[in-house]
Every structure is written in structure tokens, then in C-alpha cells.
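structure_24.tsv follows; it contains TSV, N, CA, C and O atoms.
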```tsv
chain	number	residue	atom	x	y	z
A	5	GLU	N	-40.45	16.19	0.71
A	5	GLU	CA	-40.72	17.56	1.11
A	5	GLU	C	-39.47	18.13	1.76
A	5	GLU	O	-38.72	17.43	2.42
A	6	HIS	N	-39.24	19.42	1.58
A	6	HIS	CA	-38.09	20.11	2.15
A	6	HIS	C	-38.49	20.74	3.47
A	6	HIS	O	-39.48	21.46	3.55
A	7	PHE	N	-37.75	20.49	4.54
A	7	PHE	CA	-38.06	21.00	5.87
A	7	PHE	C	-36.94	21.91	6.34
A	7	PHE	O	-35.79	21.51	6.37
A	8	GLU	N	-37.27	23.14	6.70
A	8	GLU	CA	-36.28	24.11	7.16
A	8	GLU	C	-35.98	23.88	8.63
A	8	GLU	O	-36.87	23.58	9.42
A	9	LYS	N	-34.73	24.10	9.02
A	9	LYS	CA	-34.31	23.88	10.41
A	9	LYS	C	-34.93	24.89	11.37
A	9	LYS	O	-35.25	24.55	12.49
A	10	ASP	N	-35.13	26.14	10.95
A	10	ASP	CA	-35.62	27.18	11.85
A	10	ASP	C	-37.07	27.55	11.62
A	10	ASP	O	-37.54	28.56	12.14
A	11	ASP	N	-37.81	26.77	10.85
A	11	ASP	CA	-39.21	27.10	10.53
A	11	ASP	C	-40.09	26.84	11.75
A	11	ASP	O	-40.13	25.74	12.27
A	12	GLU	N	-40.79	27.86	12.24
A	12	GLU	CA	-41.65	27.74	13.43
A	12	GLU	C	-43.12	27.98	13.10
A	12	GLU	O	-43.93	28.12	13.99
A	13	ARG	N	-43.48	28.08	11.81
A	13	ARG	CA	-44.86	28.36	11.44
A	13	ARG	C	-45.77	27.19	11.78
A	13	ARG	O	-45.42	26.04	11.58
A	14	LEU	N	-46.97	27.50	12.28
A	14	LEU	CA	-48.01	26.51	12.53
A	14	LEU	C	-49.22	26.91	11.70
A	14	LEU	O	-49.73	28.01	11.85
A	15	ASP	N	-49.66	26.03	10.82
A	15	ASP	CA	-50.80	26.29	9.95
A	15	ASP	C	-51.80	25.15	10.07
A	15	ASP	O	-51.41	24.00	10.22
A	16	GLY	N	-53.08	25.48	9.99
A	16	GLY	CA	-54.13	24.47	9.96
A	16	GLY	C	-54.90	24.54	8.66
A	16	GLY	O	-54.97	25.60	8.04
A	17	HIS	N	-55.45	23.42	8.23
A	17	HIS	CA	-56.24	23.35	7.00
A	17	HIS	C	-57.07	22.08	7.04
A	17	HIS	O	-56.85	21.19	7.86
A	18	ALA	N	-58.05	21.97	6.17
A	18	ALA	CA	-58.94	20.81	6.15
A	18	ALA	C	-58.17	19.53	5.86
A	18	ALA	O	-57.19	19.55	5.13
A	19	GLY	N	-58.63	18.43	6.44
A	19	GLY	CA	-58.09	17.12	6.11
A	19	GLY	C	-57.31	16.48	7.23
A	19	GLY	O	-57.41	16.84	8.39
A	20	GLN	N	-56.52	15.49	6.84
A	20	GLN	CA	-55.63	14.80	7.76
A	20	GLN	C	-54.31	14.55	7.03
A	20	GLN	O	-54.25	14.60	5.80
A	21	GLU	N	-53.27	14.31	7.80
A	21	GLU	CA	-51.95	14.09	7.22
A	21	GLU	C	-51.29	12.89	7.87
A	21	GLU	O	-51.60	12.53	9.00
A	22	ALA	N	-50.37	12.31	7.13
A	22	ALA	CA	-49.54	11.23	7.62
A	22	ALA	C	-48.12	11.50	7.15
A	22	ALA	O	-47.91	11.94	6.01
A	23	VAL	N	-47.16	11.28	8.03
A	23	VAL	CA	-45.76	11.51	7.69
A	23	VAL	C	-44.95	10.29	8.15
A	23	VAL	O	-45.08	9.84	9.29
A	24	PHE	N	-44.13	9.76	7.25
A	24	PHE	CA	-43.21	8.67	7.55
A	24	PHE	C	-41.80	9.22	7.37
A	24	PHE	O	-41.43	9.64	6.27
A	25	CYS	N	-41.02	9.27	8.45
A	25	CYS	CA	-39.67	9.82	8.41
A	25	CYS	C	-38.73	8.78	7.80
A	25	CYS	O	-38.66	7.64	8.27
A	26	LEU	N	-38.01	9.18	6.75
A	26	LEU	CA	-37.09	8.28	6.05
A	26	LEU	C	-35.64	8.49	6.49
A	26	LEU	O	-34.91	7.53	6.74
A	27	ASP	N	-35.21	9.75	6.58
A	27	ASP	CA	-33.83	10.09	6.96
A	27	ASP	C	-33.83	11.34	7.81
A	27	ASP	O	-34.66	12.23	7.62
A	28	GLY	N	-32.86	11.43	8.72
A	28	GLY	CA	-32.72	12.61	9.57
A	28	GLY	C	-33.73	12.60	10.71
A	28	GLY	O	-34.42	11.61	10.95
A	29	GLU	N	-33.80	13.72	11.43
A	29	GLU	CA	-34.76	13.88	12.52
A	29	GLU	C	-35.68	15.05	12.18
A	29	GLU	O	-35.22	16.12	11.81
A	30	LEU	N	-36.97	14.82	12.36
A	30	LEU	CA	-38.00	15.79	12.00
A	30	LEU	C	-38.86	16.06	13.22
A	30	LEU	O	-39.37	15.13	13.84
A	31	GLU	N	-39.00	17.33	13.60
A	31	GLU	CA	-39.85	17.69	14.73
A	31	GLU	C	-41.24	18.06	14.24
A	31	GLU	O	-41.40	18.90	13.36
A	32	PHE	N	-42.26	17.41	14.81
A	32	PHE	CA	-43.66	17.74	14.57
A	32	PHE	C	-44.11	18.60	15.73
A	32	PHE	O	-43.82	18.31	16.89
A	33	CYS	N	-44.82	19.68	15.42
A	33	CYS	CA	-45.36	20.56	16.45
A	33	CYS	C	-46.83	20.80	16.14
A	33	CYS	O	-47.19	21.07	15.00
A	34	GLN	N	-47.70	20.68	17.16
A	34	GLN	CA	-49.12	20.90	16.97
A	34	GLN	C	-49.65	21.76	18.12
A	34	GLN	O	-49.37	21.48	19.29
A	35	GLN	N	-50.40	22.80	17.76
A	35	GLN	CA	-50.98	23.70	18.74
A	35	GLN	C	-51.88	22.91	19.69
A	35	GLN	O	-52.65	22.04	19.27
A	36	SER	N	-51.83	23.22	20.97
A	36	SER	CA	-52.65	22.55	21.97
A	36	SER	C	-54.12	22.93	21.82
A	36	SER	O	-54.45	24.08	21.55
A	37	THR	N	-55.00	21.94	21.98
A	37	THR	CA	-56.44	22.22	21.94
A	37	THR	C	-56.89	22.88	23.24
A	37	THR	O	-57.96	23.47	23.30
A	38	GLN	N	-56.09	22.79	24.31
A	38	GLN	CA	-56.42	23.39	25.60
A	38	GLN	C	-55.74	24.73	25.82
A	38	GLN	O	-55.87	25.32	26.89
A	39	GLY	N	-55.00	25.24	24.83
A	39	GLY	CA	-54.35	26.54	24.96
A	39	GLY	C	-53.04	26.53	25.71
A	39	GLY	O	-52.49	27.57	26.00
A	40	GLY	N	-52.51	25.35	26.03
A	40	GLY	CA	-51.22	25.27	26.73
A	40	GLY	C	-50.07	25.21	25.75
A	40	GLY	O	-50.16	25.67	24.61
A	41	GLU	N	-48.98	24.64	26.21
A	41	GLU	CA	-47.80	24.47	25.37
A	41	GLU	C	-48.11	23.56	24.20
A	41	GLU	O	-48.87	22.60	24.34
A	42	PRO	N	-47.53	23.83	23.03
A	42	PRO	CA	-47.76	22.95	21.88
A	42	PRO	C	-47.17	21.56	22.11
A	42	PRO	O	-46.19	21.40	22.84
A	43	LEU	N	-47.78	20.57	21.47
A	43	LEU	CA	-47.26	19.21	21.46
A	43	LEU	C	-46.06	19.17	20.52
A	43	LEU	O	-46.15	19.67	19.40
A	44	ARG	N	-44.94	18.63	20.98
A	44	ARG	CA	-43.75	18.49	20.14
A	44	ARG	C	-43.29	17.05	20.18
A	44	ARG	O	-43.09	16.48	21.26
A	45	ILE	N	-43.11	16.46	19.00
A	45	ILE	CA	-42.66	15.08	18.88
A	45	ILE	C	-41.54	15.04	17.85
A	45	ILE	O	-41.69	15.58	16.76
A	46	THR	N	-40.41	14.43	18.21
A	46	THR	CA	-39.31	14.28	17.26
A	46	THR	C	-39.40	12.91	16.61
A	46	THR	O	-39.45	11.89	17.29
A	47	LEU	N	-39.45	12.91	15.28
A	47	LEU	CA	-39.52	11.68	14.50
A	47	LEU	C	-38.12	11.33	14.00
A	47	LEU	O	-37.41	12.18	13.47
A	48	ALA	N	-37.75	10.07	14.16
A	48	ALA	CA	-36.49	9.52	13.67
A	48	ALA	C	-36.81	8.60	12.49
A	48	ALA	O	-37.98	8.26	12.27
A	49	PRO	N	-35.81	8.19	11.73
A	49	PRO	CA	-36.08	7.29	10.61
A	49	PRO	C	-36.88	6.05	11.06
A	49	PRO	O	-36.56	5.43	12.07
A	50	GLY	N	-37.96	5.77	10.33
A	50	GLY	CA	-38.84	4.65	10.66
A	50	GLY	C	-40.06	5.05	11.48
A	50	GLY	O	-40.97	4.26	11.64
A	51	ASP	N	-40.10	6.29	12.00
A	51	ASP	CA	-41.26	6.75	12.78
A	51	ASP	C	-42.36	7.26	11.85
A	51	ASP	O	-42.08	7.81	10.78
A	52	PHE	N	-43.60	7.13	12.32
A	52	PHE	CA	-44.79	7.50	11.55
A	52	PHE	C	-45.71	8.31	12.44
A	52	PHE	O	-45.84	8.02	13.63
A	53	ILE	N	-46.36	9.32	11.88
A	53	ILE	CA	-47.35	10.10	12.63
A	53	ILE	C	-48.54	10.39	11.72
A	53	ILE	O	-48.38	10.58	10.52
A	54	ARG	N	-49.76	10.34	12.30
A	54	ARG	CA	-50.99	10.68	11.60
A	54	ARG	C	-51.74	11.65	12.49
A	54	ARG	O	-51.80	11.46	13.71
A	55	PHE	N	-52.33	12.72	11.89
A	55	PHE	CA	-53.00	13.72	12.71
A	55	PHE	C	-54.04	14.48	11.91
A	55	PHE	O	-54.03	14.50	10.69
A	56	ASP	N	-54.95	15.11	12.65
A	56	ASP	CA	-55.98	15.99	12.09
A	56	ASP	C	-55.31	17.31	11.73
A	56	ASP	O	-54.81	18.02	12.59
A	57	SER	N	-55.28	17.64	10.44
A	57	SER	CA	-54.55	18.83	10.02
A	57	SER	C	-55.33	20.13	10.21
A	57	SER	O	-54.81	21.20	9.90
A	58	ARG	N	-56.57	20.06	10.72
A	58	ARG	CA	-57.30	21.29	11.05
A	58	ARG	C	-56.66	22.00	12.24
A	58	ARG	O	-56.74	23.21	12.38
A	59	GLN	N	-56.02	21.23	13.13
A	59	GLN	CA	-55.32	21.80	14.28
A	59	GLN	C	-53.99	22.38	13.77
A	59	GLN	O	-53.23	21.66	13.11
A	60	PRO	N	-53.70	23.67	14.02
A	60	PRO	CA	-52.45	24.25	13.51
A	60	PRO	C	-51.23	23.40	13.87
A	60	PRO	O	-51.09	22.94	15.01
A	61	HIS	N	-50.37	23.19	12.88
A	61	HIS	CA	-49.24	22.29	13.03
A	61	HIS	C	-48.09	22.73	12.12
A	61	HIS	O	-48.27	23.57	11.24
A	62	GLY	N	-46.93	22.14	12.33
A	62	GLY	CA	-45.79	22.43	11.48
A	62	GLY	C	-44.69	21.40	11.71
A	62	GLY	O	-44.77	20.57	12.62
A	63	PHE	N	-43.68	21.45	10.86
A	63	PHE	CA	-42.54	20.55	10.94
A	63	PHE	C	-41.27	21.36	10.79
A	63	PHE	O	-41.27	22.39	10.13
A	64	ARG	N	-40.18	20.85	11.37
A	64	ARG	CA	-38.88	21.44	11.10
A	64	ARG	C	-37.80	20.38	11.30
A	64	ARG	O	-37.98	19.43	12.07
A	65	ALA	N	-36.71	20.54	10.56
A	65	ALA	CA	-35.58	19.62	10.67
A	65	ALA	C	-34.94	19.79	12.05
A	65	ALA	O	-34.80	20.90	12.54
A	66	ARG	N	-34.57	18.66	12.67
A	66	ARG	CA	-33.90	18.71	13.97
A	66	ARG	C	-32.48	18.19	13.89
A	66	ARG	O	-31.77	18.20	14.88
A	67	SER	N	-32.05	17.72	12.73
A	67	SER	CA	-30.71	17.16	12.58
A	67	SER	C	-29.92	18.01	11.59
A	67	SER	O	-30.48	18.73	10.77
A	68	SER	N	-28.60	17.88	11.67
A	68	SER	CA	-27.75	18.62	10.73
A	68	SER	C	-27.76	17.94	9.35
A	68	SER	O	-27.48	18.58	8.35
A	69	GLU	N	-28.10	16.66	9.31
A	69	GLU	CA	-28.19	15.96	8.03
A	69	GLU	C	-29.54	16.27	7.37
A	69	GLU	O	-30.49	16.65	8.05
A	70	PRO	N	-29.63	16.11	6.06
A	70	PRO	CA	-30.90	16.37	5.37
A	70	PRO	C	-32.02	15.45	5.89
A	70	PRO	O	-31.77	14.31	6.27
A	71	VAL	N	-33.23	15.98	5.92
A	71	VAL	CA	-34.41	15.20	6.33
A	71	VAL	C	-35.19	14.83	5.08
A	71	VAL	O	-35.44	15.66	4.22
A	72	ARG	N	-35.54	13.54	4.98
A	72	ARG	CA	-36.43	13.08	3.92
A	72	ARG	C	-37.61	12.39	4.59
A	72	ARG	O	-37.43	11.63	5.55
A	73	ALA	N	-38.81	12.66	4.09
A	73	ALA	CA	-40.02	12.07	4.67
A	73	ALA	C	-41.07	11.88	3.58
A	73	ALA	O	-41.13	12.66	2.62
A	74	LEU	N	-41.87	10.86	3.75
A	74	LEU	CA	-43.05	10.66	2.91
A	74	LEU	C	-44.18	11.40	3.60
A	74	LEU	O	-44.50	11.10	4.76
A	75	HIS	N	-44.78	12.37	2.92
A	75	HIS	CA	-45.80	13.25	3.52
A	75	HIS	C	-47.07	13.12	2.69
A	75	HIS	O	-47.09	13.50	1.53
A	76	VAL	N	-48.14	12.58	3.30
A	76	VAL	CA	-49.41	12.35	2.60
A	76	VAL	C	-50.48	13.24	3.23
A	76	VAL	O	-50.65	13.26	4.44
A	77	VAL	N	-51.20	13.99	2.38
A	77	VAL	CA	-52.28	14.87	2.83
A	77	VAL	C	-53.58	14.37	2.21
A	77	VAL	O	-53.64	14.11	1.02
A	78	SER	N	-54.63	14.23	3.05
A	78	SER	CA	-55.93	13.76	2.59
A	78	SER	C	-56.99	14.78	2.96
A	78	SER	O	-56.87	15.49	3.94
A	79	THR	N	-58.07	14.82	2.18
A	79	THR	CA	-59.18	15.72	2.51
A	79	THR	C	-60.22	15.05	3.40
A	79	THR	O	-61.20	15.67	3.79
A	80	VAL	N	-60.01	13.79	3.78
A	80	VAL	CA	-60.92	13.07	4.67
A	80	VAL	C	-60.81	13.68	6.07
A	80	VAL	O	-59.71	13.92	6.56
A	81	GLN	N	-61.94	13.95	6.69
A	81	GLN	CA	-61.96	14.60	8.00
A	81	GLN	C	-61.96	13.60	9.15
A	81	GLN	O	-62.60	12.57	9.09
A	82	LEU	N	-61.24	13.94	10.21
A	82	LEU	CA	-61.30	13.24	11.49
A	82	LEU	C	-62.15	14.08	12.43
A	82	LEU	O	-62.44	15.23	12.15
A	83	LYS	N	-62.56	13.51	13.55
A	83	LYS	CA	-63.23	14.31	14.57
A	83	LYS	C	-62.24	15.30	15.16
A	83	LYS	O	-61.11	14.95	15.46
A	84	MET	N	-62.67	16.57	15.34
A	84	MET	CA	-61.80	17.56	15.98
A	84	MET	C	-61.46	17.07	17.37
A	84	MET	O	-62.31	16.53	18.08
A	85	GLY	N	-60.24	17.22	17.76
A	85	GLY	CA	-59.82	16.77	19.08
A	85	GLY	C	-59.12	15.43	19.05
A	85	GLY	O	-58.54	15.02	20.05
A	86	ASP	N	-59.15	14.71	17.89
A	86	ASP	CA	-58.38	13.47	17.80
A	86	ASP	C	-56.92	13.81	17.99
A	86	ASP	O	-56.40	14.76	17.42
A	87	ALA	N	-56.25	13.05	18.82
A	87	ALA	CA	-54.84	13.32	19.11
A	87	ALA	C	-53.95	12.81	17.98
A	87	ALA	O	-54.34	11.96	17.21
A	88	ALA	N	-52.76	13.36	17.93
A	88	ALA	CA	-51.76	12.84	16.99
A	88	ALA	C	-51.41	11.43	17.41
A	88	ALA	O	-51.40	11.09	18.59
A	89	VAL	N	-51.13	10.59	16.45
A	89	VAL	CA	-50.78	9.19	16.70
A	89	VAL	C	-49.39	8.93	16.14
A	89	VAL	O	-49.11	9.28	15.00
A	90	THR	N	-48.51	8.34	16.95
A	90	THR	CA	-47.19	7.99	16.45
A	90	THR	C	-47.02	6.48	16.56
A	90	THR	O	-47.55	5.84	17.47
A	91	VAL	N	-46.27	5.92	15.63
A	91	VAL	CA	-45.99	4.49	15.62
A	91	VAL	C	-44.50	4.33	15.36
A	91	VAL	O	-43.96	4.91	14.43
A	92	LYS	N	-43.83	3.54	16.19
A	92	LYS	CA	-42.40	3.25	16.00
A	92	LYS	C	-42.32	1.99	15.15
A	92	LYS	O	-42.89	0.95	15.50
A	93	VAL	N	-41.64	2.07	14.00
A	93	VAL	CA	-41.48	0.92	13.11
A	93	VAL	C	-40.12	0.31	13.36
A	93	VAL	O	-39.10	1.00	13.33
A	94	SER	N	-40.09	-0.99	13.65
A	94	SER	CA	-38.82	-1.68	13.92
A	94	SER	C	-38.31	-2.35	12.68
A	94	SER	O	-39.02	-2.89	11.92
```

Whole structure given in C-alpha cells:
Amino acid sequence: EHFEKDDERLDGHAGQEAVFCLDGELEFCQQSTQGGEPLRITLAPGDFIRFDSRQPHGFRARSSEPVRALHVVSTVQLKMGDAAVTVKVS
């Protein structure tokens, strides 16, 4: 998937998503369920995140080098309010 450096859009839709960062740095942003500041997590190569895609979210490149990521979208539902999960792969 192609990720723009200045893209700030947050969109929600049915299902869940998983992203595995392959190259570069990728910022994940998800709207807060409590109405506060959005959750922001920077993924580096080897990092993985899974989240409920009904909560508005978005991605953008954080590095000057190209970002490559494996991005999987599923229509399987999680409970609303499930937090994003990150895993560091060594």
C-alpha cells in the first residue's frame, strides 16, 4: 500500500485490520473513544498492529525513505472499544 507523508485523514469502516511494517516508518493514528487526543503509534520495520477498523483511523509515512507494509483488512468484527494491539518482532 502507498502511504502519503502528509495524509491526516481518519476513516472508519466495518471489520478489523492488521498491518506489518516492512520498510520505513509508518504512523498509525486512531480517534480516541473518549473524545481526547488521538492515539498515535509509530511502526518501524518488524512492528505489527491489529485494530478494530470501525474506530476512525489512518496511516502516514514518517520517514523520508519509502514505506512498505503488509496491510490485511477483514470483515470479522471485534467488540467496539477493543484497543489497538502492537507487537514488536525481533

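For the choices A:Ala18, A:Val77, A:Val71, A:Leu30, the atom-to-atom distance to Ala48 of chain A is smallest for A:Leu30 when using only N, CA, C and O atoms.
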
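Atom pair atom O of Phe52 of chain A / atom O of Gly39 of chain A has a distance of 24.1 Å (rounded to one decimal).
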
Where's the centre, and what are the edge lengths in Å to one decimal, of a box along x, y and z enclosing all listed atoms of segment 23-33 of chain A padded 5 Å per side, as lines of an AutoDock Vina configuration file?
```
center_x = -40.0
center_y = 14.3
center_z = 11.5
size_x = 24.5
size_y = 23.5
size_z = 20.8
```

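Those residues that approach Pro42 of chain A to within 8 Å, counting only N, CA, C and O atoms, are Phe32, Cys33, Gln34, Gln35, Ser36 and Pro60 of chain A; same-chain residues fewer than 6 positions away are not listed.
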
Inset, instruction - Please measure the separation of atom CA of Gly50 of chain A and atom CA of Ala73 of chain A, giving the value in Å to one decimal. - result: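 Going from atom CA of Gly50 of chain A over to atom CA of Ala73 of chain A, I get 9.6 Å.
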
Legend entry - Between atom N of Phe55 of chain A and atom CA of Arg13 of chain A, distance in Å (one decimal):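 Going from atom N of Phe55 of chain A over to atom CA of Arg13 of chain A, I get 17.3 Å.
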
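In this comparison, which uses all atoms listed in the file, the residue of A:Leu43, A:Gly16, A:Glu21, A:Gln59 approaching His75 of chain A most closely is A:Glu21.
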